[in-house]
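This is model.pdb (PDB, C-alpha atoms).
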MODEL        1
ATOM      1  CA  MET A  58     109.167 111.056  65.824  1.00  0.00           C
ATOM      2  CA  ALA A  59     105.723 110.903  67.428  1.00  0.00           C
ATOM      3  CA  GLN A  60     104.336 113.773  69.437  1.00  0.00           C
ATOM      4  CA  HIS A  61     104.525 113.388  73.218  1.00  0.00           C
ATOM      5  CA  PHE A  62     101.158 112.389  74.664  1.00  0.00           C
ATOM      6  CA  LEU A  63     101.084 115.340  77.077  1.00  0.00           C
ATOM      7  CA  LEU A  64     101.145 117.743  74.117  1.00  0.00           C
ATOM      8  CA  SER A  65      98.239 116.184  72.203  1.00  0.00           C
ATOM      9  CA  ALA A  66      94.961 117.989  71.529  1.00  0.00           C
ATOM     10  CA  GLY A  67      93.091 115.283  73.444  1.00  0.00           C
ATOM     11  CA  THR A  68      94.984 116.147  76.594  1.00  0.00           C
ATOM     12  CA  ARG A  69      94.340 119.864  76.224  1.00  0.00           C
ATOM     13  CA  SER A  70      90.572 119.278  75.888  1.00  0.00           C
ATOM     14  CA  LEU A  71      90.275 117.492  79.257  1.00  0.00           C
ATOM     15  CA  SER A  72      88.776 119.317  82.200  1.00  0.00           C
ATOM     16  CA  ALA A  73      88.848 118.432  85.880  1.00  0.00           C
ATOM     17  CA  ALA A  74      85.052 118.208  85.950  1.00  0.00           C
ATOM     18  CA  LYS A  75      85.026 115.689  83.061  1.00  0.00           C
ATOM     19  CA  ILE A  76      87.683 113.571  84.741  1.00  0.00           C
ATOM     20  CA  MET A  77      85.895 113.508  88.097  1.00  0.00           C
ATOM     21  CA  ARG A  78      82.644 112.346  86.424  1.00  0.00           C
ATOM     22  CA  MET A  79      84.374 109.463  84.591  1.00  0.00           C
ATOM     23  CA  SER A  80      84.216 105.884  85.807  1.00  0.00           C
ATOM     24  CA  ASP A  81      87.475 104.053  86.553  1.00  0.00           C
ATOM     25  CA  SER A  82      87.289 102.203  83.221  1.00  0.00           C
ATOM     26  CA  GLY A  83      86.650 105.521  81.464  1.00  0.00           C
ATOM     27  CA  VAL A  84      89.772 106.990  83.057  1.00  0.00           C
ATOM     28  CA  GLU A  85      91.749 103.931  81.914  1.00  0.00           C
ATOM     29  CA  ASN A  86      90.454 104.309  78.352  1.00  0.00           C
ATOM     30  CA  VAL A  87      91.314 108.016  78.198  1.00  0.00           C
ATOM     31  CA  PHE A  88      94.784 107.376  79.605  1.00  0.00           C
ATOM     32  CA  LEU A  89      95.291 104.554  77.054  1.00  0.00           C
ATOM     33  CA  ARG A  90      94.294 106.797  74.131  1.00  0.00           C
ATOM     34  CA  LEU A  91      96.540 109.603  75.369  1.00  0.00           C
ATOM     35  CA  ARG A  92      99.457 107.283  76.090  1.00  0.00           C
ATOM     36  CA  TRP A  93      99.394 105.457  72.722  1.00  0.00           C
ATOM     37  CA  PRO A  94      97.624 107.755  70.220  1.00  0.00           C
ATOM     38  CA  GLU A  95      99.283 106.220  67.140  1.00  0.00           C
ATOM     39  CA  THR A  96      97.679 102.818  67.867  1.00  0.00           C
ATOM     40  CA  ASP A  97      94.374 104.281  69.133  1.00  0.00           C
ATOM     41  CA  GLY A  98      94.995 103.143  72.710  1.00  0.00           C
ATOM     42  CA  LYS A  99      96.344  99.675  71.988  1.00  0.00           C
ATOM     43  CA  PRO A 100      99.439  99.137  74.165  1.00  0.00           C
ATOM     44  CA  VAL A 101     102.952  99.039  72.753  1.00  0.00           C
ATOM     45  CA  CYS A 102     105.791  97.530  74.771  1.00  0.00           C
ATOM     46  CA  PRO A 103     108.025 100.327  76.154  1.00  0.00           C
ATOM     47  CA  ASN A 104     111.018  97.950  76.204  1.00  0.00           C
ATOM     48  CA  CYS A 105     111.092  96.615  72.638  1.00  0.00           C
ATOM     49  CA  GLY A 106     108.318  98.478  70.794  1.00  0.00           C
ATOM     50  CA  CYS A 107     106.311  95.355  69.929  1.00  0.00           C
ATOM     51  CA  ALA A 108     102.592  95.961  69.386  1.00  0.00           C
ATOM     52  CA  ILE A 109     101.544  92.386  70.207  1.00  0.00           C
ATOM     53  CA  CYS A 110     100.746  92.479  73.899  1.00  0.00           C
ATOM     54  CA  TYR A 111      98.423  90.390  76.042  1.00  0.00           C
ATOM     55  CA  ALA A 112      96.326  91.795  78.864  1.00  0.00           C
ATOM     56  CA  CYS A 113      96.997  90.225  82.256  1.00  0.00           C
ATOM     57  CA  ARG A 114      95.233  92.114  85.030  1.00  0.00           C
ATOM     58  CA  ARG A 115      96.532  91.783  88.551  1.00  0.00           C
ATOM     59  CA  PRO A 116      94.245  90.243  91.201  1.00  0.00           C
ATOM     60  CA  ALA A 117      93.677  93.704  92.709  1.00  0.00           C
ATOM     61  CA  GLY A 118      92.501  94.953  89.294  1.00  0.00           C
ATOM     62  CA  GLN A 119      95.526  96.894  88.040  1.00  0.00           C
ATOM     63  CA  LEU A 120      95.781  96.828  84.265  1.00  0.00           C
ATOM     64  CA  ARG A 121      99.012  95.176  83.041  1.00  0.00           C
ATOM     65  CA  TRP A 122     100.238  93.669  79.769  1.00  0.00           C
ATOM     66  CA  ARG A 123     102.816  91.103  78.747  1.00  0.00           C
ATOM     67  CA  CYS A 124     104.820  91.607  75.548  1.00  0.00           C
ATOM     68  CA  LYS A 125     104.933  88.661  73.155  1.00  0.00           C
ATOM     69  CA  ALA A 126     108.433  89.503  71.875  1.00  0.00           C
ATOM     70  CA  CYS A 127     110.415  90.249  75.034  1.00  0.00           C
ATOM     71  CA  ARG A 128     107.986  88.684  77.551  1.00  0.00           C
ATOM     72  CA  GLY A 129     108.264  91.747  79.763  1.00  0.00           C
ATOM     73  CA  ASP A 130     105.389  92.949  81.919  1.00  0.00           C
ATOM     74  CA  PHE A 131     104.400  96.597  81.782  1.00  0.00           C
ATOM     75  CA  SER A 132     101.604  98.875  82.876  1.00  0.00           C
ATOM     76  CA  ILE A 133      99.950 101.965  81.463  1.00  0.00           C
ATOM     77  CA  THR A 134     102.440 104.163  83.328  1.00  0.00           C
ATOM     78  CA  SER A 135     105.617 102.216  82.431  1.00  0.00           C
ATOM     79  CA  GLY A 136     108.171 104.444  80.775  1.00  0.00           C
ATOM     80  CA  THR A 137     106.479 107.633  81.965  1.00  0.00           C
ATOM     81  CA  LEU A 138     106.981 110.077  84.792  1.00  0.00           C
ATOM     82  CA  PHE A 139     104.362 108.188  86.804  1.00  0.00           C
ATOM     83  CA  ALA A 140     106.018 104.750  86.508  1.00  0.00           C
ATOM     84  CA  TRP A 141     107.044 104.107  90.112  1.00  0.00           C
ATOM     85  CA  HIS A 142     104.279 106.002  91.867  1.00  0.00           C
ATOM     86  CA  LYS A 143     101.225 104.216  93.200  1.00  0.00           C
ATOM     87  CA  LEU A 144      98.513 106.863  92.976  1.00  0.00           C
ATOM     88  CA  PRO A 145      95.243 106.152  91.143  1.00  0.00           C
ATOM     89  CA  LEU A 146      95.109 106.888  87.401  1.00  0.00           C
ATOM     90  CA  ARG A 147      92.448 109.541  88.030  1.00  0.00           C
ATOM     91  CA  THR A 148      94.985 111.537  90.088  1.00  0.00           C
ATOM     92  CA  TYR A 149      97.537 111.344  87.281  1.00  0.00           C
ATOM     93  CA  LEU A 150      94.961 112.359  84.693  1.00  0.00           C
ATOM     94  CA  LEU A 151      93.932 115.352  86.816  1.00  0.00           C
ATOM     95  CA  ALA A 152      97.593 116.417  87.091  1.00  0.00           C
ATOM     96  CA  VAL A 153      98.091 116.048  83.330  1.00  0.00           C
ATOM     97  CA  ALA A 154      94.932 118.040  82.554  1.00  0.00           C
ATOM     98  CA  GLY A 155      95.881 120.778  85.019  1.00  0.00           C
ATOM     99  CA  PHE A 156      99.368 121.021  83.565  1.00  0.00           C
ATOM    100  CA  CYS A 157      98.260 121.056  79.905  1.00  0.00           C
ATOM    101  CA  ASN A 158      95.325 123.434  80.320  1.00  0.00           C
ATOM    102  CA  GLU A 159      97.174 125.981  82.413  1.00  0.00           C
ATOM    103  CA  VAL A 160      98.306 129.236  80.861  1.00  0.00           C
ATOM    104  CA  LYS A 161     102.030 129.214  80.153  1.00  0.00           C
ATOM    105  CA  GLY A 162     104.070 131.069  82.692  1.00  0.00           C
ATOM    106  CA  ILE A 163     105.825 130.829  86.018  1.00  0.00           C
ATOM    107  CA  VAL A 164     103.154 128.663  87.597  1.00  0.00           C
ATOM    108  CA  SER A 165     103.358 125.987  84.880  1.00  0.00           C
ATOM    109  CA  ARG A 166     107.175 126.023  84.996  1.00  0.00           C
ATOM    110  CA  ARG A 167     107.092 125.573  88.748  1.00  0.00           C
ATOM    111  CA  ARG A 168     104.574 122.741  88.458  1.00  0.00           C
ATOM    112  CA  ALA A 169     106.748 121.062  85.825  1.00  0.00           C
ATOM    113  CA  SER A 170     109.778 121.200  88.097  1.00  0.00           C
ATOM    114  CA  VAL A 171     107.769 119.805  91.014  1.00  0.00           C
ATOM    115  CA  MET A 172     106.359 116.965  88.882  1.00  0.00           C
ATOM    116  CA  LEU A 173     109.721 116.093  87.328  1.00  0.00           C
ATOM    117  CA  TYR A 174     112.163 116.421  90.188  1.00  0.00           C
ATOM    118  CA  GLU A 175     110.321 115.667  93.423  1.00  0.00           C
ATOM    119  CA  ARG A 176     109.829 111.923  93.378  1.00  0.00           C
TER     120      ARG A 176
ENDMDL
END
In structure tokens, how does this file's structure come out?
Amino acid sequence: MAQHFLLSAGTRSLSAAKIMRMSDSGVENVFLRLRWPETDGKPVCPNCGCAICYACRRPAGQLRWRCKACRGDFSITSGTLFAWHKLPLRTYLLAVAGFCNEVKGIVSRRRASVMLYER
């Protein structure tokens, strides 16, 4: 089984300062590489696991894909904790970096419970 993307070394090396200096496309690229490390950032359908996906951006600019096998639409956050939330990717990346870089302890456990259970 593949390692969860929040536990990868790439996630632990992110800092808030680096994330804030990134462009929007840079944030997308980092999130893609963290989300699908086994395919080097190329999207994989969360529904069927097919690696053949076509990019189809929304008119407002949101990055989306369509799976060739199941014809389902999905985004970079589909199948994750952030799936039904509408915050910018930069906000999610800052939360992930803060969570992964924090020293283990009560604070990180509390943050995990807040992120997982307060939707």
Specify as a count of residues only each residue included when the PyMOL selection byres ((chain A and resi 110-126) around 12) is applied to this file. 31
Work out how far CA of Thr148 in chain A is from CA of Ser80 in chain A, in Å to one decimal.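 Distance between the two atoms: 12.9 Å.
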Edge lengths and centre, in Å to one decimal, as AutoDock Vina command-line options: that's what I need for the box along x, y and z that holds all listed atoms of range 93-97 of chain A plus 3 Å on each side.
--center_x 96.9 --center_y 105.3 --center_z 69.9 --size_x 11.0 --size_y 10.9 --size_z 11.6
Using only C-alpha atoms, which residue out of A:Val153, A:Ile76, A:Val87, A:Leu71 lies closest to Thr137 in chain A?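 The closest residue to Thr137 in chain A is A:Val153.
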Between CA of Ser72 in chain A and CA of Arg92 in chain A, what distance in Å does the model show, to one decimal?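 Result for CA of Ser72 in chain A versus CA of Arg92 in chain A: 17.2 Å, one decimal.
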d(CA of Lys75 in chain A, CA of His142 in chain A) in Å: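 A separation of 23.3 Å between them.
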